[in-house]
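**Student:** Handing you this structure, nothing more for now.
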Amino acid sequence: MSKIIFITGATSGFGKATAEKFAAHGYDLILNGRRTDRLNELCRSLEKKYNIACLALPFDVQDEKAVAEAIDSLPGSWKKIDVLFNNAGLALGRDYFDEADMNDWNIMVDTNIKGFMYVAKAVSKIMAANKQGHIINMGSIAGKQVYEKGNMYCATKFAVDALNHAMRIDLLRHNIKVTGIHPGAAETEFSLVRFKGDEGTAKKIYDGLKPLTAEDIADVIWYCASLPAHVCINDLTITCTQQADAIYFNRNISLPH
Ligand code: NDP
Ligand code: 8X3
């Protein structure tokens with residue numbers, strides 16, 4: 001029987017690349033995101049390309065009731081979730097604390113902390129009953145170190161880091177692995193979302209850098225998930241070579257492609 005990975009935020013970026021990586025290794029997929037057309041299209045194309053099964057499960061992670069209903073409604077055979085990639089999230093705005101938009105802050109808290117927790121809680125119950133599973137939580141370098149104008153986004157990712165550790169401790173008794181992944185700058189739709197469609201500003205973030213790609217992160221997720229049963233990576237920070245931490249970059253060198 002094939003293994004199953006459940007990925008939130010699979011319509012783009014890390015989630016989408018991870019869906020393809022696991023499909024290539026024969027996993028069946030449960031894919032979530034809000035953009036239903038993209039989800040359905042991705043599912044059909046991965047099923048065809050890799051001969052796997054894919055279930056599109058669109059919902060907004062901010063909606064506690066929708067999360068619970070969607071996960072409850074999974075058919076029995078889909079409830080045997082081996083891996084959860086708890087990845088859906090976003091940054092909105094990059095403004096000084098006193099100037100930032102309260103609505104942006106509310107959406108980040110509702111998505112990156114509350115949505116993250118709704119999904120993790122529902123899936124950890126299933127894994128606890130199965131006495132096995134692996135939850136891979138998407139943090140950020142922004143959850144390790146605060147940077148100027150990062151305020152609430154950083155705070156949400158610090159919360160993810162804390163919850164990741166808390167889950168590792170509390171789920172130990174159920175034989176569930178828990179891994180936190182903390183990437184630095186990676187070129188996905190992340191910056192376009194953060195800067196609300198302003199392509200020029202979004203692109204500037206990666207000026208002079210060869211940033212991480214979604215595929216780099218998918219490789220790391222696959223590595224973490226394919227280790228032997230007795231090995232668990234608890235916490236992993238990954239940046240491109242030109243980034244040392246959340247603040248220090250070397251944008252001057254040009255790397256061979
Ligand atoms: P993308 O914008 O490319 O992907 C974000 C994904 O999250 C999309 O599939 C989006 O789907 C989904 N999503 C956002 N809000 C919701 C919601 N309310 N309900 C369900 N799905 C949602 O960005 P990345 O792939 O880069 O980001 C993925 C994760 O990685 C995020 O948690 C981000 O904070 C984190 N991260 C990103 C880094 C980067 O530099 N790119 C670095 C470190 C961490 P849809 O819009 O269809 O709902
Ligand atoms: C995304 C990376 O540095 O833009 O989490 O916060 S950063």
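Following the order of the structure tokens, chains are lettered A, B, ..., residues in each are numbered from 1, and ligands are numbered from 1.
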When the cut-off is 9 Å and you count only C-alpha atoms and all ligand atoms, which residues lie near ligand 2, shown as a list in words?
**Tutor:**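 Checked against 9 Å with only C-alpha atoms and all ligand atoms; the hits are Leu90, Ala91, Gly139, Ser140, Ile141, Ala142, Gly143, Val146, Tyr147, Gly150, Tyr153, Cys154, Lys157, His182, Pro183, Gly184, Ala185, Ala186, Phe190, Ser191, Arg194, Ile205, Asp245, Ala246 and Ile247 of chain A.
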**Student:** List every residue of stretch 3-56 of chain A that DSSP, applied to the backbone of this structure, assigns to helix (DSSP H, G or I), and report them as a list in words.
**Tutor:**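 DSSP-assigned helix (DSSP H, G or I) residues in stretch 3-56 of chain A: Gly13, Phe14, Gly15, Lys16, Ala17, Thr18, Ala19, Glu20, Lys21, Phe22, Ala23, Ala24, Thr36, Asp37, Arg38, Leu39, Asn40, Glu41, Leu42, Cys43, Arg44, Ser45, Leu46, Glu47, Lys48, Lys49 and Tyr50 of chain A.
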**Student:** Find the distance between atom CA of A:Asp60 and atom 2 (O, counted along the ligand's line) of ligand 1 and write it in Å to one decimal.
**Tutor:**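 So the answer is 14.0 Å.
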**Student:** From the options A:Leu172, A:Ile181, A:Ala229, A:Leu84, which residue's atoms come nearest to ligand 1, counting only C-alpha atoms and all ligand atoms?
**Tutor:**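 So, comparing all the options, the nearest one is A:Ile181.
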**Student:** Taking only C-alpha atoms and all ligand atoms into account, which residues are within 8 Å of ligand 1, as an MDAnalysis selection string?
**Tutor:** chainID A and resid 8:16 32:36 38:39 58:63 87:91 110:112 115 138:142 157 182:193 212 214
**Student:** With only C-alpha atoms as the basis for distance, which of A:Leu29, A:Val119, A:Leu209, A:Ala244 is at the shortest distance from A:Ala68?
**Tutor:**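 Closest to A:Ala68, using only C-alpha atoms: A:Val119.
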**Student:** DSSP on the backbone, strand (DSSP E or B) only: what residues of stretch 66-249 of chain A does that give? Format it as a PDB file with N, CA and C atoms, in the first residue's frame.
**Tutor:**
```pdb
ATOM      1  N   VAL A  83       2.746  11.353   6.506  1.00  0.00           N
ATOM      2  CA  VAL A  83       3.501  12.597   6.665  1.00  0.00           C
ATOM      3  C   VAL A  83       2.546  13.776   6.502  1.00  0.00           C
ATOM      4  N   LEU A  84       2.635  14.735   7.419  1.00  0.00           N
ATOM      5  CA  LEU A  84       1.958  16.028   7.236  1.00  0.00           C
ATOM      6  C   LEU A  84       3.030  17.067   6.972  1.00  0.00           C
ATOM      7  N   PHE A  85       2.928  17.770   5.843  1.00  0.00           N
ATOM      8  CA  PHE A  85       3.787  18.940   5.620  1.00  0.00           C
ATOM      9  C   PHE A  85       2.916  20.159   5.912  1.00  0.00           C
ATOM     10  N   ASN A  86       3.089  20.705   7.107  1.00  0.00           N
ATOM     11  CA  ASN A  86       2.248  21.801   7.628  1.00  0.00           C
ATOM     12  C   ASN A  86       2.883  23.119   7.181  1.00  0.00           C
ATOM     13  N   GLY A 133       3.686   8.404  12.503  1.00  0.00           N
ATOM     14  CA  GLY A 133       3.481   9.561  11.635  1.00  0.00           C
ATOM     15  C   GLY A 133       4.643  10.526  11.760  1.00  0.00           C
ATOM     16  N   HIS A 134       4.665  11.478  10.839  1.00  0.00           N
ATOM     17  CA  HIS A 134       5.746  12.465  10.830  1.00  0.00           C
ATOM     18  C   HIS A 134       5.122  13.813  10.469  1.00  0.00           C
ATOM     19  N   ILE A 135       5.266  14.789  11.353  1.00  0.00           N
ATOM     20  CA  ILE A 135       4.759  16.138  11.079  1.00  0.00           C
ATOM     21  C   ILE A 135       5.958  17.031  10.779  1.00  0.00           C
ATOM     22  N   ILE A 136       5.941  17.638   9.595  1.00  0.00           N
ATOM     23  CA  ILE A 136       7.036  18.531   9.206  1.00  0.00           C
ATOM     24  C   ILE A 136       6.460  19.948   9.158  1.00  0.00           C
ATOM     25  N   ASN A 137       6.904  20.769  10.084  1.00  0.00           N
ATOM     26  CA  ASN A 137       6.360  22.123  10.235  1.00  0.00           C
ATOM     27  C   ASN A 137       7.222  23.145   9.515  1.00  0.00           C
ATOM     28  N   MET A 138       6.574  24.065   8.790  1.00  0.00           N
ATOM     29  CA  MET A 138       7.324  25.092   8.070  1.00  0.00           C
ATOM     30  C   MET A 138       7.495  26.338   8.933  1.00  0.00           C
ATOM     31  N   ILE A 176       5.355   9.759  17.192  1.00  0.00           N
ATOM     32  CA  ILE A 176       5.212  10.667  16.045  1.00  0.00           C
ATOM     33  C   ILE A 176       6.468  11.524  15.948  1.00  0.00           C
ATOM     34  N   LYS A 177       7.086  11.535  14.764  1.00  0.00           N
ATOM     35  CA  LYS A 177       8.239  12.408  14.546  1.00  0.00           C
ATOM     36  C   LYS A 177       7.746  13.835  14.283  1.00  0.00           C
ATOM     37  N   VAL A 178       8.497  14.816  14.735  1.00  0.00           N
ATOM     38  CA  VAL A 178       8.159  16.225  14.462  1.00  0.00           C
ATOM     39  C   VAL A 178       9.436  16.954  14.048  1.00  0.00           C
ATOM     40  N   THR A 179       9.361  17.626  12.920  1.00  0.00           N
ATOM     41  CA  THR A 179      10.535  18.308  12.353  1.00  0.00           C
ATOM     42  C   THR A 179      10.177  19.749  12.012  1.00  0.00           C
ATOM     43  N   GLY A 180      11.011  20.684  12.421  1.00  0.00           N
ATOM     44  CA  GLY A 180      10.832  22.087  12.019  1.00  0.00           C
ATOM     45  C   GLY A 180      11.851  22.453  10.954  1.00  0.00           C
ATOM     46  N   ILE A 181      11.371  23.044   9.850  1.00  0.00           N
ATOM     47  CA  ILE A 181      12.258  23.463   8.756  1.00  0.00           C
ATOM     48  C   ILE A 181      12.257  24.990   8.722  1.00  0.00           C
ATOM     49  N   HIS A 182      13.458  25.570   8.710  1.00  0.00           N
ATOM     50  CA  HIS A 182      13.569  27.037   8.801  1.00  0.00           C
ATOM     51  C   HIS A 182      14.397  27.596   7.654  1.00  0.00           C
ATOM     52  N   PRO A 183      13.763  27.850   6.508  1.00  0.00           N
ATOM     53  CA  PRO A 183      14.522  28.364   5.361  1.00  0.00           C
ATOM     54  C   PRO A 183      14.743  29.874   5.437  1.00  0.00           C
ATOM     55  N   ALA A 186      13.939  32.277  -0.266  1.00  0.00           N
ATOM     56  CA  ALA A 186      13.669  31.301  -1.319  1.00  0.00           C
ATOM     57  C   ALA A 186      12.727  31.957  -2.321  1.00  0.00           C
ATOM     58  N   LEU A 212      17.517  30.153  -2.499  1.00  0.00           N
ATOM     59  CA  LEU A 212      16.967  28.798  -2.488  1.00  0.00           C
ATOM     60  C   LEU A 212      15.814  28.725  -3.480  1.00  0.00           C
ATOM     61  N   ASP A 235      15.024  19.908  14.034  1.00  0.00           N
ATOM     62  CA  ASP A 235      15.087  21.333  13.717  1.00  0.00           C
ATOM     63  C   ASP A 235      16.171  21.558  12.674  1.00  0.00           C
ATOM     64  N   LEU A 236      15.818  22.235  11.593  1.00  0.00           N
ATOM     65  CA  LEU A 236      16.799  22.383  10.522  1.00  0.00           C
ATOM     66  C   LEU A 236      16.700  23.781   9.909  1.00  0.00           C
ATOM     67  N   THR A 237      17.797  24.529   9.969  1.00  0.00           N
ATOM     68  CA  THR A 237      17.847  25.855   9.352  1.00  0.00           C
ATOM     69  C   THR A 237      18.610  25.737   8.051  1.00  0.00           C
ATOM     70  N   ILE A 238      18.056  26.291   6.990  1.00  0.00           N
ATOM     71  CA  ILE A 238      18.702  26.174   5.676  1.00  0.00           C
ATOM     72  C   ILE A 238      18.626  27.517   4.956  1.00  0.00           C
ATOM     73  N   GLN A 243      23.637  33.685   2.220  1.00  0.00           N
ATOM     74  CA  GLN A 243      22.900  34.199   3.382  1.00  0.00           C
ATOM     75  C   GLN A 243      23.386  33.486   4.640  1.00  0.00           C
ATOM     76  N   PHE A 249      23.827  39.090   4.502  1.00  0.00           N
ATOM     77  CA  PHE A 249      23.875  38.543   3.139  1.00  0.00           C
ATOM     78  C   PHE A 249      25.179  38.986   2.487  1.00  0.00           C
TER      79      PHE A 249
END
```
**Student:** Give me the residues within 8 Å of A:Ile126 as a PyMOL selection string, counting only C-alpha atoms and dropping any in the same chain fewer than 2 places off.
**Tutor:** chain A and resi 79-81+122-124+128-130
**Student:** Calculated over only C-alpha atoms, which of the candidates A:Glu69, A:Asp82, A:Glu41, A:Glu64 has the smallest distance to A:Ser2?
**Tutor:**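 Closest to A:Ser2, using only C-alpha atoms: A:Asp82.
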**Student:** Can you list, as number ranges by chain, every protein, DNA or RNA residue that comes within 9 Å of A:Arg251 when you count only C-alpha atoms, leaving out same-chain residues fewer than 5 positions away?
**Tutor:** A: 206-210, 242-243
**Student:** Find the residues near A:Cys224: any atom within 8 Å, counting only C-alpha atoms, skip ones fewer than 3 places away on the same chain, and give them as a list in words.
**Tutor:**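 Result of the neighbour search: Thr179, Val220, Ile221, Leu227, Cys232 and Ile233 of chain A.
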**Student:** Kindly indicate which residue among A:Ile4, A:Ile113, A:Met167, A:Val160 lies nearest to A:Lys125, using only C-alpha atoms for the distances.
**Tutor:** A:Met167
**Student:** Atom CA of A:Ala218 to atom CA of A:Cys240: how many Å, to one decimal?
**Tutor:** 14.3 Å
**Student:** From the list A:His165, A:His174, A:Lys3, A:Lys196, which residue is nearest A:Trp78 when using only C-alpha atoms?
**Tutor:**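 Smallest separation from A:Trp78 among the options: A:Lys3.
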**Student:** A:Leu92, A:Ile52, A:Ala166, A:Ala202: which is nearest A:Asn234, counting only C-alpha atoms?
**Tutor:** A:Ala166
